[in-house]
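Enquirer: Just protein08.pdb, nothing more (PDB, C-alpha atoms and all ligand atoms):
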```
MODEL        1
ATOM      1  CA  MET A 279     -28.997 -21.964  59.037  1.00  0.00           C
ATOM      2  CA  SER A 280     -27.211 -18.615  59.007  1.00  0.00           C
ATOM      3  CA  LYS A 281     -28.621 -15.665  57.174  1.00  0.00           C
ATOM      4  CA  SER A 282     -26.394 -13.630  54.939  1.00  0.00           C
ATOM      5  CA  LYS A 283     -25.354 -10.217  56.213  1.00  0.00           C
ATOM      6  CA  GLU A 284     -27.581  -8.571  53.626  1.00  0.00           C
ATOM      7  CA  GLU A 285     -30.647 -10.499  54.770  1.00  0.00           C
ATOM      8  CA  MET A 286     -29.944  -9.541  58.377  1.00  0.00           C
ATOM      9  CA  LEU A 287     -29.637  -5.861  57.464  1.00  0.00           C
ATOM     10  CA  LYS A 288     -32.856  -6.026  55.475  1.00  0.00           C
ATOM     11  CA  ALA A 289     -34.694  -7.566  58.416  1.00  0.00           C
ATOM     12  CA  GLU A 290     -33.255  -4.921  60.741  1.00  0.00           C
ATOM     13  CA  LEU A 291     -34.306  -2.148  58.411  1.00  0.00           C
ATOM     14  CA  ALA A 292     -37.838  -3.559  58.125  1.00  0.00           C
ATOM     15  CA  GLU A 293     -37.983  -3.587  61.925  1.00  0.00           C
ATOM     16  CA  ILE A 294     -36.893   0.052  62.127  1.00  0.00           C
ATOM     17  CA  GLU A 295     -39.363   1.071  59.415  1.00  0.00           C
ATOM     18  CA  LYS A 296     -42.137  -0.571  61.404  1.00  0.00           C
ATOM     19  CA  LYS A 297     -41.098   1.341  64.536  1.00  0.00           C
ATOM     20  CA  ILE A 298     -40.942   4.744  62.859  1.00  0.00           C
ATOM     21  CA  ALA A 299     -44.157   4.385  60.805  1.00  0.00           C
ATOM     22  CA  PRO A 300     -46.343   5.913  63.560  1.00  0.00           C
ATOM     23  CA  ILE A 301     -43.801   8.721  64.034  1.00  0.00           C
ATOM     24  CA  ARG A 302     -43.866   9.469  60.300  1.00  0.00           C
ATOM     25  CA  ALA A 303     -47.676   9.543  60.441  1.00  0.00           C
ATOM     26  CA  SER A 304     -47.595  11.999  63.375  1.00  0.00           C
ATOM     27  CA  ILE A 305     -45.127  14.267  61.588  1.00  0.00           C
ATOM     28  CA  HIS A 306     -47.354  14.178  58.501  1.00  0.00           C
ATOM     29  CA  GLN A 307     -50.373  15.234  60.573  1.00  0.00           C
ATOM     30  CA  LEU A 308     -48.409  18.036  62.225  1.00  0.00           C
ATOM     31  CA  VAL A 309     -47.181  19.311  58.863  1.00  0.00           C
ATOM     32  CA  ALA A 310     -50.763  19.224  57.531  1.00  0.00           C
ATOM     33  CA  LEU A 311     -51.923  21.226  60.566  1.00  0.00           C
ATOM     34  CA  ARG A 312     -49.141  23.781  60.189  1.00  0.00           C
ATOM     35  CA  VAL A 313     -49.795  24.233  56.471  1.00  0.00           C
ATOM     36  CA  GLY A 314     -53.549  24.495  57.013  1.00  0.00           C
ATOM     37  CA  ARG A 315     -53.092  27.126  59.718  1.00  0.00           C
ATOM     38  CA  THR A 316     -50.716  29.333  57.764  1.00  0.00           C
ATOM     39  CA  ILE A 317     -52.300  32.730  57.297  1.00  0.00           C
ATOM     40  CA  VAL A 318     -52.701  33.920  53.716  1.00  0.00           C
ATOM     41  CA  GLN A 319     -54.157  37.270  52.714  1.00  0.00           C
ATOM     42  CA  CYS A 320     -56.569  37.629  49.809  1.00  0.00           C
ATOM     43  CA  SER A 321     -55.243  40.043  47.181  1.00  0.00           C
ATOM     44  CA  LEU A 322     -58.745  41.325  46.529  1.00  0.00           C
ATOM     45  CA  CYS A 323     -60.717  41.661  49.787  1.00  0.00           C
ATOM     46  CA  ARG A 324     -57.513  41.813  51.878  1.00  0.00           C
ATOM     47  CA  LYS A 325     -59.001  39.453  54.462  1.00  0.00           C
ATOM     48  CA  ARG A 326     -56.582  37.052  56.118  1.00  0.00           C
ATOM     49  CA  SER A 327     -57.623  33.384  56.300  1.00  0.00           C
ATOM     50  CA  ARG A 328     -56.095  30.066  57.175  1.00  0.00           C
ATOM     51  CA  PHE A 329     -54.617  28.461  54.077  1.00  0.00           C
ATOM     52  CA  GLY A 330     -56.707  25.327  54.642  1.00  0.00           C
ATOM     53  CA  ARG A 331     -59.890  27.328  54.081  1.00  0.00           C
ATOM     54  CA  PHE A 332     -58.832  28.350  50.574  1.00  0.00           C
ATOM     55  CA  GLY A 333     -59.742  26.449  47.440  1.00  0.00           C
ATOM     56  CA  PHE A 334     -57.267  25.537  44.720  1.00  0.00           C
ATOM     57  CA  VAL A 335     -57.781  25.858  40.979  1.00  0.00           C
ATOM     58  CA  GLN A 336     -55.555  23.609  38.902  1.00  0.00           C
ATOM     59  CA  ASP A 337     -55.148  25.168  35.477  1.00  0.00           C
ATOM     60  CA  TYR A 338     -54.593  23.054  32.346  1.00  0.00           C
ATOM     61  CA  TRP A 339     -53.114  24.108  29.011  1.00  0.00           C
ATOM     62  CA  TYR A 340     -53.983  22.627  25.680  1.00  0.00           C
ATOM     63  CA  THR A 341     -51.735  21.162  23.008  1.00  0.00           C
ATOM     64  CA  GLN A 342     -53.252  21.387  19.514  1.00  0.00           C
ATOM     65  CA  PRO A 343     -53.524  18.215  17.417  1.00  0.00           C
ATOM     66  CA  SER A 344     -50.532  17.737  15.122  1.00  0.00           C
ATOM     67  CA  GLY A 345     -49.764  15.028  12.562  1.00  0.00           C
ATOM     68  CA  CYS A 346     -51.831  11.853  12.811  1.00  0.00           C
ATOM     69  CA  SER A 347     -51.427  11.040  16.488  1.00  0.00           C
ATOM     70  CA  GLY A 348     -49.757  13.996  18.187  1.00  0.00           C
ATOM     71  CA  GLY A 349     -51.316  16.679  20.367  1.00  0.00           C
ATOM     72  CA  ASP A 350     -54.963  17.150  21.335  1.00  0.00           C
ATOM     73  CA  TYR A 351     -54.351  16.828  25.049  1.00  0.00           C
ATOM     74  CA  TRP A 352     -54.382  18.896  28.206  1.00  0.00           C
ATOM     75  CA  SER A 353     -51.416  19.283  30.539  1.00  0.00           C
ATOM     76  CA  ARG A 354     -51.264  20.500  34.121  1.00  0.00           C
ATOM     77  CA  THR A 355     -50.040  24.061  34.425  1.00  0.00           C
ATOM     78  CA  GLU A 356     -47.326  24.586  37.043  1.00  0.00           C
ATOM     79  CA  ILE A 357     -48.478  25.738  40.469  1.00  0.00           C
ATOM     80  CA  LYS A 358     -47.300  29.344  40.177  1.00  0.00           C
ATOM     81  CA  LEU A 359     -49.661  29.794  37.190  1.00  0.00           C
ATOM     82  CA  CYS A 360     -52.658  28.339  39.058  1.00  0.00           C
ATOM     83  CA  TYR A 361     -55.053  30.019  41.519  1.00  0.00           C
ATOM     84  CA  ILE A 362     -56.161  29.902  45.128  1.00  0.00           C
ATOM     85  CA  VAL A 363     -59.757  30.809  45.975  1.00  0.00           C
ATOM     86  CA  CYS A 364     -60.436  33.126  48.917  1.00  0.00           C
ATOM     87  CA  PRO A 365     -62.908  31.627  51.444  1.00  0.00           C
ATOM     88  CA  GLU A 366     -64.296  35.095  52.210  1.00  0.00           C
ATOM     89  CA  CYS A 367     -64.948  36.639  48.787  1.00  0.00           C
ATOM     90  CA  SER A 368     -64.598  33.528  46.550  1.00  0.00           C
ATOM     91  CA  VAL A 369     -62.315  35.407  44.167  1.00  0.00           C
ATOM     92  CA  MET A 370     -59.548  33.470  42.422  1.00  0.00           C
ATOM     93  CA  ASN A 371     -56.122  34.820  43.393  1.00  0.00           C
ATOM     94  CA  TYR A 372     -53.548  34.261  40.657  1.00  0.00           C
ATOM     95  CA  ILE A 373     -50.635  32.707  42.543  1.00  0.00           C
ATOM     96  CA  TYR A 374     -48.046  34.270  40.234  1.00  0.00           C
ATOM     97  CA  GLN A 375     -49.080  37.778  41.255  1.00  0.00           C
ATOM     98  CA  HIS A 376     -49.717  37.039  44.918  1.00  0.00           C
ATOM     99  CA  PRO A 377     -47.419  38.803  47.425  1.00  0.00           C
ATOM    100  CA  GLN A 378     -47.010  35.462  49.283  1.00  0.00           C
ATOM    101  CA  ARG A 379     -46.258  33.593  46.058  1.00  0.00           C
ATOM    102  CA  GLU A 380     -43.087  31.816  47.206  1.00  0.00           C
ATOM    103  CA  GLN A 381     -44.670  30.733  50.483  1.00  0.00           C
ATOM    104  CA  ILE A 382     -47.846  29.490  48.764  1.00  0.00           C
ATOM    105  CA  ILE A 383     -45.852  27.445  46.240  1.00  0.00           C
ATOM    106  CA  ASP A 384     -43.741  25.991  49.050  1.00  0.00           C
ATOM    107  CA  LEU A 385     -46.826  25.004  51.069  1.00  0.00           C
ATOM    108  CA  ILE A 386     -48.403  23.231  48.092  1.00  0.00           C
ATOM    109  CA  GLN A 387     -45.297  21.691  46.615  1.00  0.00           C
ATOM    110  CA  ASN A 388     -42.692  20.954  49.264  1.00  0.00           C
ATOM    111  CA  GLN A 389     -44.458  19.709  52.366  1.00  0.00           C
ATOM    112  CA  GLY A 390     -45.229  16.175  51.167  1.00  0.00           C
ATOM    113  CA  LEU A 391     -48.974  16.749  51.331  1.00  0.00           C
ATOM    114  CA  GLU A 392     -51.698  15.802  48.878  1.00  0.00           C
ATOM    115  CA  ARG A 393     -53.711  18.788  47.673  1.00  0.00           C
ATOM    116  CA  LYS A 394     -56.809  17.222  49.214  1.00  0.00           C
ATOM    117  CA  GLU A 395     -55.040  17.361  52.571  1.00  0.00           C
ATOM    118  CA  ILE A 396     -54.442  21.100  52.172  1.00  0.00           C
ATOM    119  CA  PHE A 397     -57.471  22.661  50.488  1.00  0.00           C
ATOM    120  CA  SER A 398     -61.181  22.766  51.291  1.00  0.00           C
ATOM    121  CA  THR A 399     -62.082  22.549  47.596  1.00  0.00           C
ATOM    122  CA  ILE A 400     -60.194  21.721  44.409  1.00  0.00           C
ATOM    123  CA  TRP A 401     -61.183  22.886  40.927  1.00  0.00           C
ATOM    124  CA  GLU A 402     -59.916  22.184  37.431  1.00  0.00           C
ATOM    125  CA  LYS A 403     -59.838  24.869  34.786  1.00  0.00           C
ATOM    126  CA  HIS A 404     -59.259  23.972  31.133  1.00  0.00           C
ATOM    127  CA  GLY A 405     -58.130  27.028  29.189  1.00  0.00           C
ATOM    128  CA  ASP A 406     -60.822  29.725  29.215  1.00  0.00           C
ATOM    129  CA  LYS A 407     -63.554  27.355  30.367  1.00  0.00           C
ATOM    130  CA  LYS A 408     -65.258  27.824  33.712  1.00  0.00           C
ATOM    131  CA  PRO A 409     -63.520  25.961  36.551  1.00  0.00           C
ATOM    132  CA  GLU A 410     -65.140  22.685  37.571  1.00  0.00           C
ATOM    133  CA  GLN A 411     -65.091  21.426  41.130  1.00  0.00           C
ATOM    134  CA  VAL A 412     -63.394  18.041  41.443  1.00  0.00           C
ATOM    135  CA  TYR A 413     -63.019  17.863  45.233  1.00  0.00           C
ATOM    136  CA  PRO A 414     -65.000  17.229  47.278  1.00  0.00           C
ATOM    137  CA  THR A 415     -67.011  15.417  44.622  1.00  0.00           C
ATOM    138  CA  LEU A 416     -70.503  16.845  44.291  1.00  0.00           C
TER     139      LEU A 416
HETATM  140 ZN    ZN A 501     -61.045  37.593  49.373  1.00  0.00          ZN
ENDMDL
END
```
Translate this file's structure into C-alpha cells.
Ligand SMILES: [Zn+2]
Expert:
Amino acid sequence: MSKSKEEMLKAELAEIEKKIAPIRASIHQLVALRVGRTIVQCSLCRKRSRFGRFGFVQDYWYTQPSGCSGGDYWSRTEIKLCYIVCPECSVMNYIYQHPQREQIIDLIQNQGLERKEIFSTIWEKHGDKKPEQVYPTL
C-alpha cells in the first residue's frame, strides 16, 4: 500500500515537529530568562530592578449599558495604558509615561510569553476601583 505524497509529507513534518519540540521549549525558557532579567528603572524611586520582579496591573475600561442587550461590560485596556508595579517602592508606574515604554511593551507583547511567566504578581483594575491581585491567587 503506497501512501500519497501528501500523507508522506505530513508524516515527515510530524517527525520534525517532534524533534524540534525540546528545542522550542529551551528557546522559550531562554526568552523568559532574558525578559525577566531585563533591567527596568522605577519612575518614582529611580531604583533599577529586574523586570521579572515587577508586578503588572491590567486595566479594564467600562462600556455603559445601551439598548436592551448592549454594553455593560469591561474590556481589557491595551498594554501601554496599563501599569507595572515597582518591587522596591510598590508604586504603579504608568507604562505610557515610562521612559522605557517601547521596551516594556515589547517585553510583554512580542516575546511569546504568558504574563504569568514574566511578572511576580498580576493585578486587575476596573476603572477607578482598587486593583485586585489575580496572580498568584491568594
Ligand atoms: Zn520604585
Enquirer: At what distance in Å, to one decimal, does atom CA of A:Phe397 lie from atom CA of A:Gln375?
Expert: 19.6 Å
Enquirer: Taking all atoms listed in the file into account, list the residues no farther than 9 Å from ligand ZN 501 (chain A), as a list in words.
Expert: Gln319, Cys320, Ser321, Leu322, Cys323, Arg324, Lys325, Arg326, Ser327, Val363, Cys364, Pro365, Glu366, Cys367, Ser368, Val369, Met370 and Asn371 of chain A
Enquirer: Write out as a PDB file with C-alpha atoms, keeping the file's coordinate frame the residues lying within 6 Å of A:Tyr338, counting all atoms listed in the file and excluding same-chain residues fewer than 2 positions away.
Expert:
```pdb
ATOM      1  CA  TRP A 352     -54.382  18.896  28.206  1.00  0.00           C
ATOM      2  CA  SER A 353     -51.416  19.283  30.539  1.00  0.00           C
ATOM      3  CA  ARG A 354     -51.264  20.500  34.121  1.00  0.00           C
ATOM      4  CA  THR A 355     -50.040  24.061  34.425  1.00  0.00           C
ATOM      5  CA  HIS A 404     -59.259  23.972  31.133  1.00  0.00           C
TER       6      HIS A 404
END
```
Enquirer: Under the rule that all atoms listed in the file are counted, which of A:Leu416, A:Trp339, A:Phe329, A:Trp401 is the nearest residue to A:Ile383?
Expert: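 Among the listed residues, the smallest separation from A:Ile383 belongs to A:Phe329.
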Enquirer: Looking at only C-alpha atoms, which of A:Cys346, A:Val318, A:Ile400, A:Leu359 is the one that sits closest to A:Gln378?
Expert: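 Among the listed residues, the smallest separation from A:Gln378 belongs to A:Val318.
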Enquirer: Take the PyMOL selection byres (((chain A and resi 335) around 8) and not hetatm), apply it to the structure above, and return the hits as a short mmCIF file (atom, residue, chain, number, x, y, z; two decimals) with C-alpha atoms, in the frame of the given file.
Expert:
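Below is the file part.cif, written as the result:
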```
data_model
loop_
_atom_site.label_atom_id
_atom_site.label_comp_id
_atom_site.auth_asym_id
_atom_site.auth_seq_id
_atom_site.Cartn_x
_atom_site.Cartn_y
_atom_site.Cartn_z
CA GLY A 333 -59.74 26.45 47.44
CA PHE A 334 -57.27 25.54 44.72
CA GLN A 336 -55.56 23.61 38.90
CA ASP A 337 -55.15 25.17 35.48
CA CYS A 360 -52.66 28.34 39.06
CA TYR A 361 -55.05 30.02 41.52
CA ILE A 362 -56.16 29.90 45.13
CA VAL A 363 -59.76 30.81 45.98
CA MET A 370 -59.55 33.47 42.42
CA ILE A 400 -60.19 21.72 44.41
CA TRP A 401 -61.18 22.89 40.93
CA GLU A 402 -59.92 22.18 37.43
CA LYS A 403 -59.84 24.87 34.79
CA PRO A 409 -63.52 25.96 36.55
#
```
Enquirer: Could you work out how far atom CA of A:Asp350 lies from atom CA of A:Glu392, giving the answer in Å with one decimal?
Expert: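 Between these atoms lies a distance of 27.8 Å.
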Enquirer: Run through the PyMOL selection byres (((chain A and resi 385) around 12) and not hetatm) on the given coordinates and return the selected residues as number ranges by chain.
Expert: A: 309-318, 329-330, 357-358, 378-384, 386-393, 395-397
Enquirer: I'd like the interatomic distance between atom CA of A:Thr399 and atom CA of A:Pro414, to a tenth of an Å.
Expert: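 For atom CA of A:Thr399 relative to atom CA of A:Pro414, the distance reads 6.1 Å.
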